[in-house]
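Engineer: For reference, this is data-v2.pdb, and it has PDB, C-alpha atoms.
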ATOM      1  CA  MET T  11      72.391 -10.898  39.550
ATOM      2  CA  PRO T  12      69.384 -12.901  38.298
ATOM      3  CA  VAL T  13      71.478 -14.829  35.771
ATOM      4  CA  THR T  14      73.957 -17.669  35.832
ATOM      5  CA  CYS T  15      76.480 -18.314  33.111
ATOM      6  CA  HIS T  16      78.571 -21.445  32.621
ATOM      7  CA  VAL T  17      80.070 -23.704  29.978
ATOM      8  CA  LEU T  18      78.392 -27.035  29.255
ATOM      9  CA  VAL T  19      81.545 -29.128  29.497
ATOM     10  CA  GLU T  20      80.352 -31.934  27.223
ATOM     11  CA  ASP T  21      79.602 -29.528  24.342
ATOM     12  CA  GLY T  22      81.568 -26.364  24.982
ATOM     13  CA  ILE T  23      78.306 -24.420  24.722
ATOM     14  CA  VAL T  24      78.126 -21.277  26.862
ATOM     15  CA  GLU T  25      74.779 -21.321  28.673
ATOM     16  CA  SER T  26      73.133 -18.321  30.305
ATOM     17  CA  VAL T  27      70.052 -18.916  32.456
ATOM     18  CA  TYR T  28      67.926 -15.915  33.414
ATOM     19  CA  VAL T  29      65.518 -15.962  36.365
ATOM     20  CA  GLY T  30      63.006 -13.528  37.789
ATOM     21  CA  ILE T  31      63.085  -9.911  36.713
ATOM     22  CA  CYS T  32      66.194  -8.961  34.754
ATOM     23  CA  ALA T  33      67.077  -5.327  34.293
ATOM     24  CA  GLN T  34      68.749  -4.169  31.109
ATOM     25  CA  ALA T  35      72.017  -3.815  33.041
ATOM     26  CA  ASP T  36      71.812  -7.520  34.014
ATOM     27  CA  LEU T  37      71.242  -8.548  30.397
ATOM     28  CA  LEU T  38      74.136  -6.470  29.077
ATOM     29  CA  ALA T  39      76.553  -7.460  31.879
ATOM     30  CA  ASN T  40      75.890 -11.128  31.234
ATOM     31  CA  PHE T  41      76.247 -10.622  27.488
ATOM     32  CA  HIS T  42      79.817  -9.427  28.124
ATOM     33  CA  ARG T  43      80.501 -12.239  30.624
ATOM     34  CA  ALA T  44      79.164 -14.968  28.285
ATOM     35  CA  HIS T  45      81.215 -13.755  25.340
ATOM     36  CA  GLN T  46      84.366 -13.525  27.469
ATOM     37  CA  MET T  47      83.717 -17.081  28.663
ATOM     38  CA  ALA T  48      83.320 -18.163  25.035
ATOM     39  CA  ARG T  49      86.613 -16.516  24.036
ATOM     40  CA  ASP T  50      88.377 -18.159  26.995
ATOM     41  CA  ASN T  51      87.020 -21.577  25.970
ATOM     42  CA  GLY T  52      87.182 -21.235  22.179
ATOM     43  CA  SER T  53      83.417 -21.587  21.845
ATOM     44  CA  THR T  54      81.119 -20.056  19.235
ATOM     45  CA  ARG T  55      77.860 -21.602  20.489
ATOM     46  CA  PHE T  56      75.504 -20.078  23.041
ATOM     47  CA  LEU T  57      72.363 -21.271  24.775
ATOM     48  CA  THR T  58      70.340 -18.422  26.264
ATOM     49  CA  ASP T  59      67.522 -19.674  28.493
ATOM     50  CA  LEU T  60      64.873 -17.057  29.266
ATOM     51  CA  SER T  61      62.277 -19.548  30.529
ATOM     52  CA  GLY T  62      62.765 -18.558  34.185
ATOM     53  CA  MET T  63      62.201 -14.860  33.579
ATOM     54  CA  ALA T  64      59.149 -13.241  35.134
ATOM     55  CA  GLN T  65      58.695 -11.212  31.960
ATOM     56  CA  GLY T  66      60.372 -11.341  28.584
ATOM     57  CA  PRO T  67      62.961  -8.841  27.436
ATOM     58  CA  HIS T  68      61.688  -5.472  26.309
ATOM     59  CA  PRO T  69      62.001  -4.929  22.527
ATOM     60  CA  ALA T  70      64.474  -2.105  23.217
ATOM     61  CA  ASP T  71      66.694  -4.584  25.110
ATOM     62  CA  LEU T  72      66.704  -6.821  22.028
ATOM     63  CA  VAL T  73      67.841  -3.906  19.877
ATOM     64  CA  ASP T  74      70.560  -3.053  22.424
ATOM     65  CA  ALA T  75      71.808  -6.663  22.373
ATOM     66  CA  ILE T  76      72.040  -6.566  18.576
ATOM     67  CA  HIS T  77      73.949  -3.266  18.623
ATOM     68  CA  LEU T  78      76.234  -4.599  21.358
ATOM     69  CA  ARG T  79      77.116  -7.592  19.155
ATOM     70  CA  ASP T  80      78.285  -5.139  16.489
ATOM     71  CA  GLN T  81      80.175  -2.928  18.952
ATOM     72  CA  MET T  82      81.979  -5.923  20.493
ATOM     73  CA  GLY T  83      82.913  -7.296  17.091
ATOM     74  CA  ILE T  84      81.238 -10.641  17.750
ATOM     75  CA  PRO T  85      82.361 -13.039  14.993
ATOM     76  CA  ARG T  86      79.774 -13.946  12.383
ATOM     77  CA  ASN T  87      80.280 -17.676  13.005
ATOM     78  CA  VAL T  88      78.518 -17.432  16.386
ATOM     79  CA  LYS T  89      75.432 -19.617  16.796
ATOM     80  CA  GLU T  90      72.873 -18.839  19.535
ATOM     81  CA  GLY T  91      69.801 -20.799  20.557
ATOM     82  CA  VAL T  92      67.353 -18.812  22.680
ATOM     83  CA  VAL T  93      64.866 -20.691  24.856
ATOM     84  CA  CYS T  94      61.721 -18.617  25.213
ATOM     85  CA  PRO T  95      58.478 -20.419  26.072
ATOM     86  CA  PRO T  96      55.282 -19.257  24.356
ATOM     87  CA  GLY T  97      53.791 -16.234  26.085
ATOM     88  CA  LEU T  98      57.051 -14.930  27.568
ATOM     89  CA  MET T  99      57.937 -12.865  24.517
ATOM     90  CA  SER T 100      55.664 -12.125  21.619
ATOM     91  CA  ALA T 101      56.181 -14.169  18.475
ATOM     92  CA  ALA T 102      56.781 -10.898  16.632
ATOM     93  CA  ASP T 103      59.601  -9.896  19.019
ATOM     94  CA  ALA T 104      61.220 -13.337  18.751
ATOM     95  CA  LYS T 105      61.026 -13.215  14.945
ATOM     96  CA  PHE T 106      62.413  -9.662  14.942
ATOM     97  CA  TYR T 107      65.414 -10.746  17.038
ATOM     98  CA  GLU T 108      66.107 -13.765  14.820
ATOM     99  CA  ASP T 109      65.768 -11.740  11.602
ATOM    100  CA  ALA T 110      67.806  -8.764  12.816
ATOM    101  CA  CYS T 111      70.652 -11.057  13.896
ATOM    102  CA  HIS T 112      70.433 -13.067  10.676
ATOM    103  CA  ASN T 113      70.533  -9.882   8.579
ATOM    104  CA  ARG T 114      73.806  -8.981  10.309
ATOM    105  CA  GLY T 115      75.302 -12.437   9.713
ATOM    106  CA  TRP T 116      74.680 -14.216  13.039
ATOM    107  CA  SER T 117      72.875 -17.524  13.288
ATOM    108  CA  VAL T 118      70.220 -17.066  15.998
ATOM    109  CA  ARG T 119      67.028 -19.068  16.550
ATOM    110  CA  VAL T 120      64.328 -18.850  19.205
ATOM    111  CA  PHE T 121      62.905 -22.131  20.525
ATOM    112  CA  PRO T 122      59.982 -22.872  22.859
ATOM    113  CA  GLU T 123      61.997 -25.417  24.851
ATOM    114  CA  ARG T 124      65.601 -26.245  25.801
ATOM    115  CA  ALA T 125      65.946 -29.674  24.151
ATOM    116  CA  ALA T 126      65.164 -28.300  20.690
ATOM    117  CA  ALA T 127      67.639 -25.450  21.136
ATOM    118  CA  LEU T 128      70.390 -27.832  22.251
ATOM    119  CA  ALA T 129      69.711 -30.219  19.353
ATOM    120  CA  TRP T 130      70.040 -27.314  16.907
ATOM    121  CA  LEU T 131      73.266 -26.089  18.557
ATOM    122  CA  ARG T 132      74.763 -29.591  18.495
ATOM    123  CA  ALA T 133      73.936 -30.184  14.818
ATOM    124  CA  PRO T 134      76.869 -29.731  12.415
TER     125      PRO T 134
END
Kindly transcribe the structure held in the file into structure tokens.
Structural biologist:
Amino acid sequence: MPVTCHVLVEDGIVESVYVGICAQADLLANFHRAHQMARDNGSTRFLTDLSGMAQGPHPADLVDAIHLRDQMGIPRNVKEGVVCPPGLMSAADAKFYEDACHNRGWSVRVFPERAAALAWLRAP
């Protein structure tokens, strides 16, 4: 699977790092794995790093991820920082994902680099 998922011990943040070409099945399988890891560790913060992907997620995959959040009953106190360098995903797709999650009560932001995403996740 072109994704690794682990807990950043110092912060309790669940980090998923995607590399290469990721099929929709990879994205959805890791979504389940990351949220199970979060439940097991009592975490509500996620860092999703797409910077190693050969191509950004398809807009339909973004919609599926949003619907899956609803279906899984993901708590509304979840905070997710998504690392997506410029050019990997269109600004419109990134904004759509942020807005669609926000409209459903989840705090999600897309960042061009990892340090900014981590700083946001670590802020109270």
Engineer: I'd like the contact shell of Pro122 in chain T - 10 Å cut-off, all atoms listed in the file, skipping same-chain residues fewer than 6 positions apart - returned as a compact mmCIF listing (two decimals) with C-alpha atoms, keeping the file's coordinate frame.
Structural biologist:
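Ended up saving to selection_36.txt:
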# COMPACT_ATOMS: atom_id res chain seq x y z
CA ASP T 59 67.52 -19.67 28.49
CA LEU T 60 64.87 -17.06 29.27
CA SER T 61 62.28 -19.55 30.53
CA VAL T 92 67.35 -18.81 22.68
CA VAL T 93 64.87 -20.69 24.86
CA CYS T 94 61.72 -18.62 25.21
CA PRO T 95 58.48 -20.42 26.07
CA PRO T 96 55.28 -19.26 24.36
CA GLY T 97 53.79 -16.23 26.08
CA LEU T 98 57.05 -14.93 27.57
Engineer: Measure the distance from CA of Leu131 in chain T to CA of Ala70 in chain T in Å and round it to one decimal.
Structural biologist: 26.0 Å
Engineer: Tell me, counting all atoms listed in the file, for each residue of range 52-126 of chain T within 9 Å of range 25-33 of chain T, which pair of atoms is nearest and how far apart they are in Å to one decimal, in rows ordered by chain and increasing number, as CSV.
Structural biologist:
residue,atom,partner,partner_atom,distance
T:Arg55,CA,T:Glu25,CA,8.7
T:Phe56,CA,T:Glu25,CA,5.8
T:Leu57,CA,T:Glu25,CA,4.6
T:Thr58,CA,T:Ser26,CA,4.9
T:Asp59,CA,T:Val27,CA,4.8
T:Leu60,CA,T:Tyr28,CA,5.3
T:Ser61,CA,T:Tyr28,CA,7.3
T:Gly62,CA,T:Val29,CA,4.4
T:Met63,CA,T:Val29,CA,4.5
T:Ala64,CA,T:Gly30,CA,4.7
T:Gln65,CA,T:Ile31,CA,6.6
T:Gly66,CA,T:Ile31,CA,8.7
T:Pro67,CA,T:Cys32,CA,8.0
Engineer: So, with all atoms listed in the file as the atoms that count, which of T:Leu128, T:Ala75, T:Pro69, T:Asp103 lies closest to Gly91 in chain T?
Structural biologist: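 Answer, going by the shortest atom-to-atom distance: T:Leu128.
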Engineer: Take the PyMOL selection byres ((chain T and resi 89) around 6), run it mentally on this structure, and tell me the resulting residues as an NGL selection string.
Structural biologist: :T and (55 or 88 or 90 or 117-118)
Engineer: For Asp36 in chain T, which of T:Gly22, T:Thr14, T:Gly52, T:Ala133 is the closest residue, counting all atoms listed in the file?
Structural biologist: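 Using all atoms listed in the file, Asp36 in chain T sits closest to T:Thr14.
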Engineer: Pick out the closest residue to Ile23 in chain T from this set: T:His45, T:His68, T:Arg114, T:Arg119. Count all atoms listed in the file.
Structural biologist: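 Using all atoms listed in the file, the shortest distance to Ile23 in chain T belongs to T:His45.
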Engineer: Report the distance between CA of Ile76 in chain T and CA of Ala102 in chain T in Å, rounded to one decimal place.
Structural biologist: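 Separation of CA of Ile76 in chain T and CA of Ala102 in chain T: 16.0 Å.
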Engineer: To box range 84-90 of chain T, take all atoms listed in the file, fit an axis-aligned box, add 5 Å on each side, and give centre and edge lengths in Å to one decimal, as JSON.
Structural biologist:
{"center_x": 77.6, "center_y": -15.1, "center_z": 16.0, "size_x": 19.5, "size_y": 19.0, "size_z": 17.2}
Engineer: Using only C-alpha atoms for the distances, tell me which of T:Asn51, T:Arg132, T:Ala110, T:Val19 is nearest to Asp80 in chain T.
Structural biologist: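 Once distances to Asp80 in chain T are computed over only C-alpha atoms, the minimum belongs to T:Ala110.
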Engineer: Just give me the gap between CA of Val13 in chain T and CA of Ala129 in chain T in Å, one decimal is fine.
Structural biologist: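 Computed distance, CA of Val13 in chain T to CA of Ala129 in chain T, equals 22.6 Å.
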Engineer: Which is closer to Ala48 in chain T than all the others in T:Ser100, T:Val120, T:Asn113, T:Asp21, using all atoms listed in the file?
Structural biologist: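 Going through T:Ser100, T:Val120, T:Asn113, T:Asp21 one by one, the smallest distance to Ala48 in chain T is for T:Asp21.
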Engineer: Could you check the closest approach to Asp71 in chain T for each of T:Tyr107, T:Met47, T:Val24, T:Trp116 and tell me which residue wins, using all atoms listed in the file?
Structural biologist: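 Ranking T:Tyr107, T:Met47, T:Val24, T:Trp116 by distance to Asp71 in chain T, first place goes to T:Tyr107.
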